[in-house]
$ cat target03.txt   # compact mmCIF, N, CA and C atoms
# COMPACT_ATOMS: atom_id res chain seq x y z
N SER T 273 67.40 126.23 90.21
CA SER T 273 68.56 126.67 89.47
C SER T 273 69.66 127.07 90.44
N THR T 274 70.89 126.93 90.02
CA THR T 274 72.04 127.21 90.87
C THR T 274 72.57 128.59 90.57
N VAL T 275 72.97 129.30 91.61
CA VAL T 275 73.52 130.64 91.44
C VAL T 275 75.01 130.58 91.69
N THR T 276 75.80 131.11 90.74
CA THR T 276 77.24 131.17 90.93
C THR T 276 77.67 132.62 90.96
N LEU T 277 78.75 132.89 91.65
CA LEU T 277 79.28 134.24 91.72
C LEU T 277 80.47 134.33 90.78
N ARG T 278 80.48 135.41 89.99
CA ARG T 278 81.57 135.60 89.04
C ARG T 278 82.06 137.03 89.15
N ASP T 279 83.33 137.24 88.89
CA ASP T 279 83.88 138.59 88.86
C ASP T 279 83.38 139.29 87.61
N ASN T 280 83.08 140.58 87.76
CA ASN T 280 82.71 141.31 86.55
C ASN T 280 83.97 141.74 85.82
N ASP T 281 83.82 142.20 84.59
CA ASP T 281 84.96 142.53 83.76
C ASP T 281 85.74 143.73 84.26
N GLU T 282 85.15 144.56 85.08
CA GLU T 282 85.80 145.79 85.53
C GLU T 282 86.62 145.57 86.80
N GLY T 283 86.73 144.35 87.29
CA GLY T 283 87.53 144.07 88.47
C GLY T 283 86.80 144.43 89.76
N GLY T 284 85.52 144.68 89.70
CA GLY T 284 84.75 145.04 90.89
C GLY T 284 84.34 143.81 91.68
N SER T 285 83.33 143.98 92.49
CA SER T 285 82.87 142.89 93.34
C SER T 285 82.13 141.83 92.51
N THR T 286 81.89 140.71 93.15
CA THR T 286 81.20 139.63 92.46
C THR T 286 79.71 139.89 92.45
N GLN T 287 79.07 139.42 91.38
CA GLN T 287 77.63 139.57 91.24
C GLN T 287 77.03 138.21 90.92
N PRO T 288 75.81 137.95 91.41
CA PRO T 288 75.18 136.67 91.11
C PRO T 288 74.89 136.53 89.62
N LYS T 289 75.11 135.36 89.10
CA LYS T 289 74.81 135.05 87.71
C LYS T 289 73.90 133.82 87.74
N ALA T 290 72.61 134.01 87.55
CA ALA T 290 71.62 132.97 87.78
C ALA T 290 71.53 131.93 86.67
N ASN T 291 71.93 132.21 85.46
CA ASN T 291 71.69 131.29 84.35
C ASN T 291 72.83 130.32 84.07
N LEU T 292 73.90 130.33 84.86
CA LEU T 292 75.00 129.42 84.63
C LEU T 292 74.98 128.31 85.68
N PRO T 293 74.67 127.07 85.27
CA PRO T 293 74.66 125.97 86.23
C PRO T 293 76.10 125.61 86.63
N THR T 294 76.27 125.25 87.88
CA THR T 294 77.60 124.79 88.30
C THR T 294 77.65 123.28 88.15
N VAL T 295 78.77 122.80 87.73
CA VAL T 295 78.96 121.37 87.53
C VAL T 295 79.91 120.89 88.61
N THR T 296 79.42 120.00 89.45
CA THR T 296 80.30 119.44 90.46
C THR T 296 81.11 118.32 89.82
N PRO T 297 82.39 118.27 90.12
CA PRO T 297 83.22 117.23 89.51
C PRO T 297 82.77 115.86 89.97
N LYS T 298 82.72 114.92 89.06
CA LYS T 298 82.29 113.56 89.36
C LYS T 298 83.47 112.77 89.94
N ARG T 299 83.22 112.10 91.05
CA ARG T 299 84.24 111.26 91.67
C ARG T 299 84.51 110.08 90.75
N PRO T 300 85.78 109.71 90.57
CA PRO T 300 86.06 108.54 89.74
C PRO T 300 85.41 107.29 90.33
N THR T 301 84.97 106.41 89.48
CA THR T 301 84.32 105.19 89.93
C THR T 301 85.39 104.14 90.22
N PHE T 302 85.42 103.70 91.46
CA PHE T 302 86.36 102.67 91.86
C PHE T 302 85.62 101.35 92.01
N ARG T 303 86.36 100.27 91.85
CA ARG T 303 85.80 98.92 92.02
C ARG T 303 86.44 98.30 93.25
N VAL T 304 85.69 97.47 93.96
CA VAL T 304 86.15 96.84 95.19
C VAL T 304 86.63 95.42 94.90
N CYS T 305 87.80 95.07 95.44
CA CYS T 305 88.33 93.71 95.29
C CYS T 305 87.52 92.78 96.19
N TYR T 306 87.05 91.67 95.63
CA TYR T 306 86.24 90.73 96.40
C TYR T 306 87.07 89.91 97.38
N ILE T 307 88.39 90.00 97.31
CA ILE T 307 89.26 89.24 98.19
C ILE T 307 89.68 90.07 99.41
N CYS T 308 90.21 91.27 99.15
CA CYS T 308 90.74 92.08 100.25
C CYS T 308 89.86 93.28 100.61
N GLY T 309 88.92 93.65 99.75
CA GLY T 309 88.02 94.75 100.05
C GLY T 309 88.57 96.13 99.73
N ARG T 310 89.75 96.22 99.14
CA ARG T 310 90.32 97.52 98.79
C ARG T 310 89.74 98.01 97.46
N GLU T 311 89.82 99.34 97.26
CA GLU T 311 89.28 99.93 96.03
C GLU T 311 90.37 100.11 94.99
N PHE T 312 90.00 99.87 93.72
CA PHE T 312 90.92 100.02 92.60
C PHE T 312 90.19 100.61 91.42
N GLY T 313 90.93 101.23 90.52
CA GLY T 313 90.37 101.67 89.25
C GLY T 313 89.97 100.45 88.44
N SER T 314 89.09 100.63 87.47
CA SER T 314 88.57 99.48 86.72
C SER T 314 89.67 98.71 86.00
N LYS T 315 90.67 99.38 85.48
CA LYS T 315 91.76 98.69 84.78
C LYS T 315 92.70 98.02 85.78
N SER T 316 92.94 98.67 86.92
CA SER T 316 93.85 98.13 87.93
C SER T 316 93.29 96.89 88.60
N LEU T 317 91.98 96.83 88.75
CA LEU T 317 91.36 95.69 89.44
C LEU T 317 91.66 94.39 88.70
N ALA T 318 91.63 94.42 87.39
CA ALA T 318 91.91 93.22 86.59
C ALA T 318 93.35 92.75 86.80
N ILE T 319 94.25 93.65 87.09
CA ILE T 319 95.65 93.31 87.37
C ILE T 319 95.78 92.84 88.82
N HIS T 320 95.07 93.50 89.72
CA HIS T 320 95.18 93.21 91.15
C HIS T 320 94.61 91.85 91.55
N GLU T 321 93.43 91.50 91.06
CA GLU T 321 92.74 90.30 91.54
C GLU T 321 93.56 89.01 91.43
N PRO T 322 94.20 88.71 90.30
CA PRO T 322 94.99 87.46 90.25
C PRO T 322 96.14 87.47 91.26
N GLN T 323 96.78 88.62 91.46
CA GLN T 323 97.86 88.71 92.42
C GLN T 323 97.33 88.58 93.84
N CYS T 324 96.17 89.16 94.10
CA CYS T 324 95.58 89.13 95.43
C CYS T 324 95.16 87.70 95.80
N ILE T 325 94.59 86.97 94.86
CA ILE T 325 94.16 85.60 95.17
C ILE T 325 95.37 84.70 95.39
N ASP T 326 96.46 84.92 94.64
CA ASP T 326 97.68 84.15 94.87
C ASP T 326 98.24 84.43 96.26
N LYS T 327 98.29 85.69 96.64
CA LYS T 327 98.77 86.07 97.97
C LYS T 327 97.86 85.47 99.04
N TRP T 328 96.56 85.51 98.83
CA TRP T 328 95.60 84.97 99.80
C TRP T 328 95.83 83.48 100.00
N LYS T 329 96.06 82.75 98.91
CA LYS T 329 96.28 81.30 99.00
C LYS T 329 97.56 80.98 99.75
N ILE T 330 98.61 81.74 99.52
CA ILE T 330 99.89 81.53 100.22
C ILE T 330 99.71 81.79 101.72
N GLU T 331 99.07 82.91 102.06
CA GLU T 331 98.84 83.25 103.47
C GLU T 331 97.92 82.23 104.14
N ASN T 332 96.90 81.78 103.44
CA ASN T 332 95.96 80.81 104.00
C ASN T 332 96.64 79.47 104.27
N ALA T 333 97.56 79.08 103.40
CA ALA T 333 98.26 77.82 103.57
C ALA T 333 99.19 77.85 104.79
N LYS T 334 99.63 79.02 105.20
CA LYS T 334 100.52 79.15 106.36
C LYS T 334 99.76 79.03 107.68
N LEU T 335 98.45 79.18 107.64
CA LEU T 335 97.65 79.16 108.87
C LEU T 335 97.48 77.75 109.41
N PRO T 336 97.23 77.63 110.73
CA PRO T 336 96.87 76.32 111.27
C PRO T 336 95.59 75.83 110.59
N LYS T 337 95.44 74.53 110.49
CA LYS T 337 94.30 73.97 109.74
C LYS T 337 92.96 74.47 110.24
N HIS T 338 92.82 74.68 111.55
CA HIS T 338 91.52 75.10 112.08
C HIS T 338 91.18 76.55 111.75
N LEU T 339 92.15 77.34 111.28
CA LEU T 339 91.89 78.73 110.89
C LEU T 339 91.81 78.93 109.38
N ARG T 340 92.10 77.89 108.62
CA ARG T 340 92.06 78.03 107.16
C ARG T 340 90.64 78.23 106.68
N ARG T 341 90.50 79.06 105.66
CA ARG T 341 89.20 79.41 105.12
C ARG T 341 89.09 78.91 103.68
N PRO T 342 87.87 78.69 103.21
CA PRO T 342 87.72 78.32 101.79
C PRO T 342 88.12 79.50 100.89
N THR T 343 88.58 79.18 99.71
CA THR T 343 88.98 80.23 98.77
C THR T 343 87.80 81.13 98.44
N PRO T 344 88.02 82.47 98.51
CA PRO T 344 86.92 83.38 98.18
C PRO T 344 86.44 83.17 96.74
N VAL T 345 85.15 83.28 96.55
CA VAL T 345 84.55 83.11 95.23
C VAL T 345 84.11 84.47 94.74
N LYS T 346 84.47 84.77 93.50
CA LYS T 346 84.08 86.06 92.92
C LYS T 346 82.56 86.10 92.78
N PRO T 347 81.93 87.19 93.27
CA PRO T 347 80.47 87.30 93.15
C PRO T 347 80.05 87.32 91.68
N GLN T 348 78.83 86.85 91.44
CA GLN T 348 78.28 86.88 90.08
C GLN T 348 78.23 88.33 89.61
N GLU T 349 78.44 88.51 88.33
CA GLU T 349 78.34 89.85 87.75
C GLU T 349 76.91 90.35 87.92
N ILE T 350 76.79 91.55 88.41
CA ILE T 350 75.48 92.17 88.62
C ILE T 350 74.99 92.70 87.27
N GLY T 351 73.72 92.52 87.01
CA GLY T 351 73.14 92.94 85.73
C GLY T 351 73.21 94.44 85.51
N VAL T 352 72.65 94.86 84.43
CA VAL T 352 72.67 96.27 84.08
C VAL T 352 71.45 96.97 84.67
N LYS T 353 71.60 98.27 84.86
CA LYS T 353 70.49 99.09 85.34
C LYS T 353 69.49 99.28 84.21
N GLY T 354 68.38 99.92 84.52
CA GLY T 354 67.36 100.18 83.51
C GLY T 354 67.88 101.03 82.37
N SER T 355 68.90 101.87 82.65
CA SER T 355 69.45 102.73 81.62
C SER T 355 70.44 101.99 80.72
N GLY T 356 70.73 100.73 81.05
CA GLY T 356 71.65 99.96 80.22
C GLY T 356 73.08 100.03 80.69
N SER T 357 73.36 100.77 81.77
CA SER T 357 74.73 100.87 82.26
C SER T 357 74.98 99.83 83.34
N TYR T 358 76.21 99.46 83.52
CA TYR T 358 76.63 98.47 84.51
C TYR T 358 76.42 99.03 85.91
N ASP T 359 75.84 98.27 86.81
CA ASP T 359 75.54 98.74 88.17
C ASP T 359 76.77 98.53 89.06
N VAL T 360 77.67 99.52 89.07
CA VAL T 360 78.92 99.44 89.80
C VAL T 360 78.67 99.39 91.30
N GLU T 361 77.70 100.14 91.79
CA GLU T 361 77.42 100.16 93.23
C GLU T 361 77.00 98.78 93.72
N ALA T 362 76.14 98.11 92.99
CA ALA T 362 75.70 96.77 93.39
C ALA T 362 76.87 95.79 93.31
N ALA T 363 77.69 95.90 92.30
CA ALA T 363 78.86 95.02 92.16
C ALA T 363 79.84 95.26 93.31
N ASN T 364 80.05 96.53 93.67
CA ASN T 364 80.95 96.85 94.78
C ASN T 364 80.41 96.31 96.10
N GLU T 365 79.12 96.41 96.31
CA GLU T 365 78.52 95.90 97.55
C GLU T 365 78.69 94.38 97.64
N ALA T 366 78.48 93.68 96.53
CA ALA T 366 78.66 92.23 96.52
C ALA T 366 80.12 91.86 96.77
N ALA T 367 81.05 92.60 96.19
CA ALA T 367 82.48 92.34 96.39
C ALA T 367 82.87 92.61 97.84
N TRP T 368 82.34 93.69 98.43
CA TRP T 368 82.63 94.02 99.83
C TRP T 368 82.13 92.91 100.76
N GLN T 369 80.91 92.44 100.52
CA GLN T 369 80.35 91.37 101.35
C GLN T 369 81.20 90.10 101.22
N SER T 370 81.68 89.82 100.04
CA SER T 370 82.52 88.64 99.83
C SER T 370 83.84 88.77 100.59
N SER T 371 84.43 89.96 100.59
CA SER T 371 85.69 90.16 101.30
C SER T 371 85.49 90.05 102.80
N GLN T 372 84.35 90.49 103.30
CA GLN T 372 84.08 90.44 104.74
C GLN T 372 83.77 89.01 105.21
N ALA T 373 83.30 88.17 104.31
CA ALA T 373 82.96 86.79 104.66
C ALA T 373 84.20 85.97 105.03
N SER T 374 85.37 86.40 104.60
CA SER T 374 86.59 85.63 104.90
C SER T 374 87.19 85.99 106.26
N LEU T 375 86.58 86.93 106.98
CA LEU T 375 87.09 87.30 108.30
C LEU T 375 86.64 86.30 109.36
N VAL T 376 87.43 86.14 110.39
CA VAL T 376 87.16 85.19 111.46
C VAL T 376 86.82 85.96 112.73
N PRO T 377 85.72 85.60 113.43
CA PRO T 377 85.38 86.32 114.66
C PRO T 377 86.22 85.83 115.85
N CYS T 378 86.54 86.74 116.74
CA CYS T 378 87.22 86.38 117.99
C CYS T 378 86.19 85.73 118.90
N PRO T 379 86.49 84.57 119.49
CA PRO T 379 85.52 83.92 120.36
C PRO T 379 85.27 84.70 121.66
N ASN T 380 86.17 85.59 122.03
CA ASN T 380 85.99 86.38 123.25
C ASN T 380 85.12 87.61 123.05
N CYS T 381 85.48 88.43 122.06
CA CYS T 381 84.82 89.73 121.92
C CYS T 381 83.93 89.82 120.68
N GLY T 382 84.08 88.90 119.72
CA GLY T 382 83.24 88.91 118.54
C GLY T 382 83.76 89.77 117.40
N ARG T 383 84.83 90.55 117.62
CA ARG T 383 85.39 91.34 116.52
C ARG T 383 85.93 90.39 115.45
N THR T 384 85.93 90.85 114.21
CA THR T 384 86.39 89.99 113.12
C THR T 384 87.78 90.41 112.65
N PHE T 385 88.56 89.42 112.25
CA PHE T 385 89.95 89.65 111.85
C PHE T 385 90.29 88.75 110.67
N ASN T 386 91.34 89.14 109.95
CA ASN T 386 91.92 88.21 109.00
C ASN T 386 92.46 87.05 109.82
N PRO T 387 92.37 85.83 109.30
CA PRO T 387 92.76 84.67 110.10
C PRO T 387 94.18 84.74 110.66
N ASP T 388 95.12 85.33 109.92
CA ASP T 388 96.50 85.40 110.41
C ASP T 388 96.66 86.41 111.54
N ARG T 389 95.72 87.34 111.71
CA ARG T 389 95.81 88.35 112.76
C ARG T 389 95.07 87.96 114.03
N LEU T 390 94.22 86.94 113.96
CA LEU T 390 93.44 86.55 115.13
C LEU T 390 94.32 86.10 116.31
N PRO T 391 95.34 85.26 116.09
CA PRO T 391 96.18 84.87 117.24
C PRO T 391 96.86 86.07 117.91
N VAL T 392 97.26 87.06 117.13
CA VAL T 392 97.88 88.25 117.70
C VAL T 392 96.87 89.00 118.58
N HIS T 393 95.66 89.13 118.09
CA HIS T 393 94.60 89.80 118.86
C HIS T 393 94.29 89.04 120.14
N GLN T 394 94.22 87.73 120.06
CA GLN T 394 93.82 86.92 121.21
C GLN T 394 94.80 87.01 122.38
N LYS T 395 96.04 87.39 122.10
CA LYS T 395 97.01 87.54 123.19
C LYS T 395 96.60 88.65 124.15
N SER T 396 95.92 89.66 123.63
CA SER T 396 95.55 90.79 124.49
C SER T 396 94.05 90.91 124.73
N CYS T 397 93.25 90.05 124.12
CA CYS T 397 91.80 90.15 124.25
C CYS T 397 91.32 89.53 125.55
N LYS T 398 90.46 90.25 126.23
CA LYS T 398 89.86 89.76 127.47
C LYS T 398 88.44 89.30 127.17
N PRO T 399 88.02 88.17 127.74
CA PRO T 399 86.64 87.73 127.54
C PRO T 399 85.65 88.75 128.11
N LYS T 400 84.46 88.79 127.54
CA LYS T 400 83.45 89.75 127.99
C LYS T 400 83.05 89.55 129.45
N ASP T 401 83.02 88.29 129.91
CA ASP T 401 82.56 88.03 131.27
C ASP T 401 83.61 88.37 132.32
N GLY T 402 84.82 88.73 131.92
CA GLY T 402 85.85 89.15 132.85
C GLY T 402 86.67 88.01 133.42
N SER T 403 86.38 86.77 133.07
CA SER T 403 87.16 85.65 133.59
C SER T 403 88.52 85.62 132.92
N ALA T 404 89.43 84.90 133.52
CA ALA T 404 90.79 84.82 132.98
C ALA T 404 90.93 83.68 131.99
N HIS T 405 89.87 83.41 131.23
CA HIS T 405 89.86 82.33 130.25
C HIS T 405 90.83 82.63 129.12
N LYS T 406 91.73 81.71 128.87
CA LYS T 406 92.69 81.83 127.78
C LYS T 406 92.16 81.01 126.61
N THR T 407 92.15 81.55 125.41
CA THR T 407 91.63 80.80 124.27
C THR T 407 92.62 79.74 123.84
N THR T 408 92.10 78.65 123.39
CA THR T 408 92.91 77.54 122.91
C THR T 408 92.58 77.32 121.44
N PRO T 409 93.43 76.61 120.71
CA PRO T 409 93.12 76.35 119.30
C PRO T 409 91.78 75.66 119.11
N SER T 410 91.39 74.77 120.06
CA SER T 410 90.11 74.08 119.90
C SER T 410 88.95 75.05 120.07
N ALA T 411 89.13 76.10 120.88
CA ALA T 411 88.06 77.09 121.07
C ALA T 411 87.83 77.87 119.79
N THR T 412 88.90 78.20 119.08
CA THR T 412 88.72 78.94 117.85
C THR T 412 88.21 78.07 116.73
N ALA T 413 88.48 76.76 116.79
CA ALA T 413 88.01 75.85 115.75
C ALA T 413 86.50 75.67 115.80
N THR T 414 85.93 75.80 117.01
CA THR T 414 84.49 75.58 117.14
C THR T 414 83.70 76.86 116.93
N SER T 415 84.38 78.00 116.79
CA SER T 415 83.64 79.24 116.59
C SER T 415 82.98 79.23 115.21
N SER T 416 81.80 79.80 115.16
CA SER T 416 81.06 79.79 113.90
C SER T 416 81.60 80.84 112.94
N PRO T 417 81.53 80.59 111.65
CA PRO T 417 82.02 81.56 110.67
C PRO T 417 81.11 82.78 110.67
N PRO T 418 81.63 83.94 110.22
CA PRO T 418 80.80 85.15 110.18
C PRO T 418 79.65 84.98 109.19
N LYS T 419 78.59 85.69 109.46
CA LYS T 419 77.40 85.58 108.59
C LYS T 419 77.34 86.71 107.62
$ encode --input "target03.txt" --output "structure tokens"
Amino acid sequence: STVTLRDNDEGGSTQPKANLPTVTPKRPTFRVCYICGREFGSKSLAIHEPQCIDKWKIENAKLPKHLRRPTPVKPQEIGVKGSGSYDVEAANEAAWQSSQASLVPCPNCGRTFNPDRLPVHQKSCKPKDGSAHKTTPSATATSSPPK
């Protein structure tokens, strides 16, 4: 049982009150966008996703062909828990994994980036072996996609 402290009616010091349970406020449940990985309220996500996929397609089309990625696919809806409620945590995890799959690894250091940010990173990235190897478009084209 939880003990809470309450002021007594006479304005004196606080005394333990053992029979009153404290209720911790519940954090609002947010949903993760499968495209960008950001969190949104359940109503906002339905508005955000179509705009996000349109933006993603425009940005992807601007990239060099060797950096273009396939369009993200929305994960299958996760079933219900034993209690009959929708499993938001499992759905969020699937959406997060989907958003991370669209990142491209740097061939030098292995860090992952959005495809449009990789060339910016490569200007300052040093290879692990310390050589003065400069990355070329063909080097990034042969790099394997993230797992």
$ residues_around --input "target03.txt" --residues "stretch 323-333 of chain T" --least-positions-apart "5" --cutoff "8 Å" --atoms "all atoms listed in the file" --output "list in words"
Ile307, Cys308, Ala318, Leu339, Arg340, Arg341, Thr343, Pro344, Pro387 and Asp388 of chain T
$ write_last_selection --input "target03.txt" --atoms "N, CA and C atoms" --output "mmCIF file, keeping the file's coordinate frame"
data_model
loop_
_atom_site.group_PDB
_atom_site.id
_atom_site.type_symbol
_atom_site.label_atom_id
_atom_site.label_comp_id
_atom_site.auth_asym_id
_atom_site.auth_seq_id
_atom_site.Cartn_x
_atom_site.Cartn_y
_atom_site.Cartn_z
ATOM 1 N N ILE T 307 88.390 90.000 97.310
ATOM 2 C CA ILE T 307 89.260 89.240 98.190
ATOM 3 C C ILE T 307 89.680 90.070 99.410
ATOM 4 N N CYS T 308 90.210 91.270 99.150
ATOM 5 C CA CYS T 308 90.740 92.080 100.250
ATOM 6 C C CYS T 308 89.860 93.280 100.610
ATOM 7 N N ALA T 318 91.630 94.420 87.390
ATOM 8 C CA ALA T 318 91.910 93.220 86.590
ATOM 9 C C ALA T 318 93.350 92.750 86.800
ATOM 10 N N LEU T 339 92.150 77.340 111.280
ATOM 11 C CA LEU T 339 91.890 78.730 110.890
ATOM 12 C C LEU T 339 91.810 78.930 109.380
ATOM 13 N N ARG T 340 92.100 77.890 108.620
ATOM 14 C CA ARG T 340 92.060 78.030 107.160
ATOM 15 C C ARG T 340 90.640 78.230 106.680
ATOM 16 N N ARG T 341 90.500 79.060 105.660
ATOM 17 C CA ARG T 341 89.200 79.410 105.120
ATOM 18 C C ARG T 341 89.090 78.910 103.680
ATOM 19 N N THR T 343 88.580 79.180 99.710
ATOM 20 C CA THR T 343 88.980 80.230 98.770
ATOM 21 C C THR T 343 87.800 81.130 98.440
ATOM 22 N N PRO T 344 88.020 82.470 98.510
ATOM 23 C CA PRO T 344 86.920 83.380 98.180
ATOM 24 C C PRO T 344 86.440 83.170 96.740
ATOM 25 N N PRO T 387 92.370 85.830 109.300
ATOM 26 C CA PRO T 387 92.760 84.670 110.100
ATOM 27 C C PRO T 387 94.180 84.740 110.660
ATOM 28 N N ASP T 388 95.120 85.330 109.920
ATOM 29 C CA ASP T 388 96.500 85.400 110.410
ATOM 30 C C ASP T 388 96.660 86.410 111.540
#
$ atom_distance --input "target03.txt" --atom1 "atom CA of T:Asn380" --atom2 "atom CA of T:Ser396"
10.6 Å
$ residues_near_point --input "target03.txt" --point "(89.3, 97.9, 92.2)" --cutoff "12 Å" --atoms "only C-alpha atoms" --output "ChimeraX atom specification"
/T:300-321,324,360,363-364,367-368
$ atom_distance --input "target03.txt" --atom1 "atom N of T:Lys398" --atom2 "atom C of T:His338"
19.9 Å
$ atom_distance --input "target03.txt" --atom1 "atom C of T:Ser370" --atom2 "atom N of T:Pro391"
19.6 Å
$ decode --input "target03.txt" --residues "stretch 314-329 of chain T" --atoms "N, CA and C atoms" --output "compact mmCIF listing (two decimals), in the first residue's frame"
# COMPACT_ATOMS: atom_id res chain seq x y z
N SER T 314 -2.59 10.04 -31.56
CA SER T 314 -3.27 9.10 -32.46
C SER T 314 -4.04 9.80 -33.57
N LYS T 315 -4.65 10.93 -33.29
CA LYS T 315 -5.40 11.66 -34.32
C LYS T 315 -4.44 12.38 -35.27
N SER T 316 -3.35 12.92 -34.74
CA SER T 316 -2.39 13.66 -35.55
C SER T 316 -1.64 12.76 -36.52
N LEU T 317 -1.40 11.52 -36.12
CA LEU T 317 -0.63 10.61 -36.97
C LEU T 317 -1.34 10.37 -38.30
N ALA T 318 -2.66 10.26 -38.26
CA ALA T 318 -3.43 10.04 -39.49
C ALA T 318 -3.31 11.24 -40.44
N ILE T 319 -3.11 12.42 -39.89
CA ILE T 319 -2.92 13.63 -40.70
C ILE T 319 -1.47 13.70 -41.18
N HIS T 320 -0.54 13.33 -40.31
CA HIS T 320 0.88 13.45 -40.61
C HIS T 320 1.37 12.48 -41.69
N GLU T 321 0.97 11.22 -41.61
CA GLU T 321 1.54 10.19 -42.49
C GLU T 321 1.41 10.51 -43.98
N PRO T 322 0.25 10.91 -44.49
CA PRO T 322 0.18 11.22 -45.94
C PRO T 322 1.11 12.37 -46.33
N GLN T 323 1.22 13.38 -45.47
CA GLN T 323 2.11 14.50 -45.76
C GLN T 323 3.57 14.07 -45.68
N CYS T 324 3.88 13.20 -44.74
CA CYS T 324 5.25 12.74 -44.55
C CYS T 324 5.70 11.88 -45.75
N ILE T 325 4.82 11.02 -46.24
CA ILE T 325 5.21 10.17 -47.37
C ILE T 325 5.38 11.01 -48.64
N ASP T 326 4.54 12.04 -48.81
CA ASP T 326 4.70 12.94 -49.96
C ASP T 326 6.05 13.67 -49.88
N LYS T 327 6.38 14.18 -48.71
CA LYS T 327 7.66 14.86 -48.52
C LYS T 327 8.82 13.89 -48.76
N TRP T 328 8.69 12.66 -48.27
CA TRP T 328 9.74 11.66 -48.43
C TRP T 328 9.97 11.38 -49.91
N LYS T 329 8.89 11.25 -50.68
CA LYS T 329 9.01 10.96 -52.11
C LYS T 329 9.69 12.11 -52.86
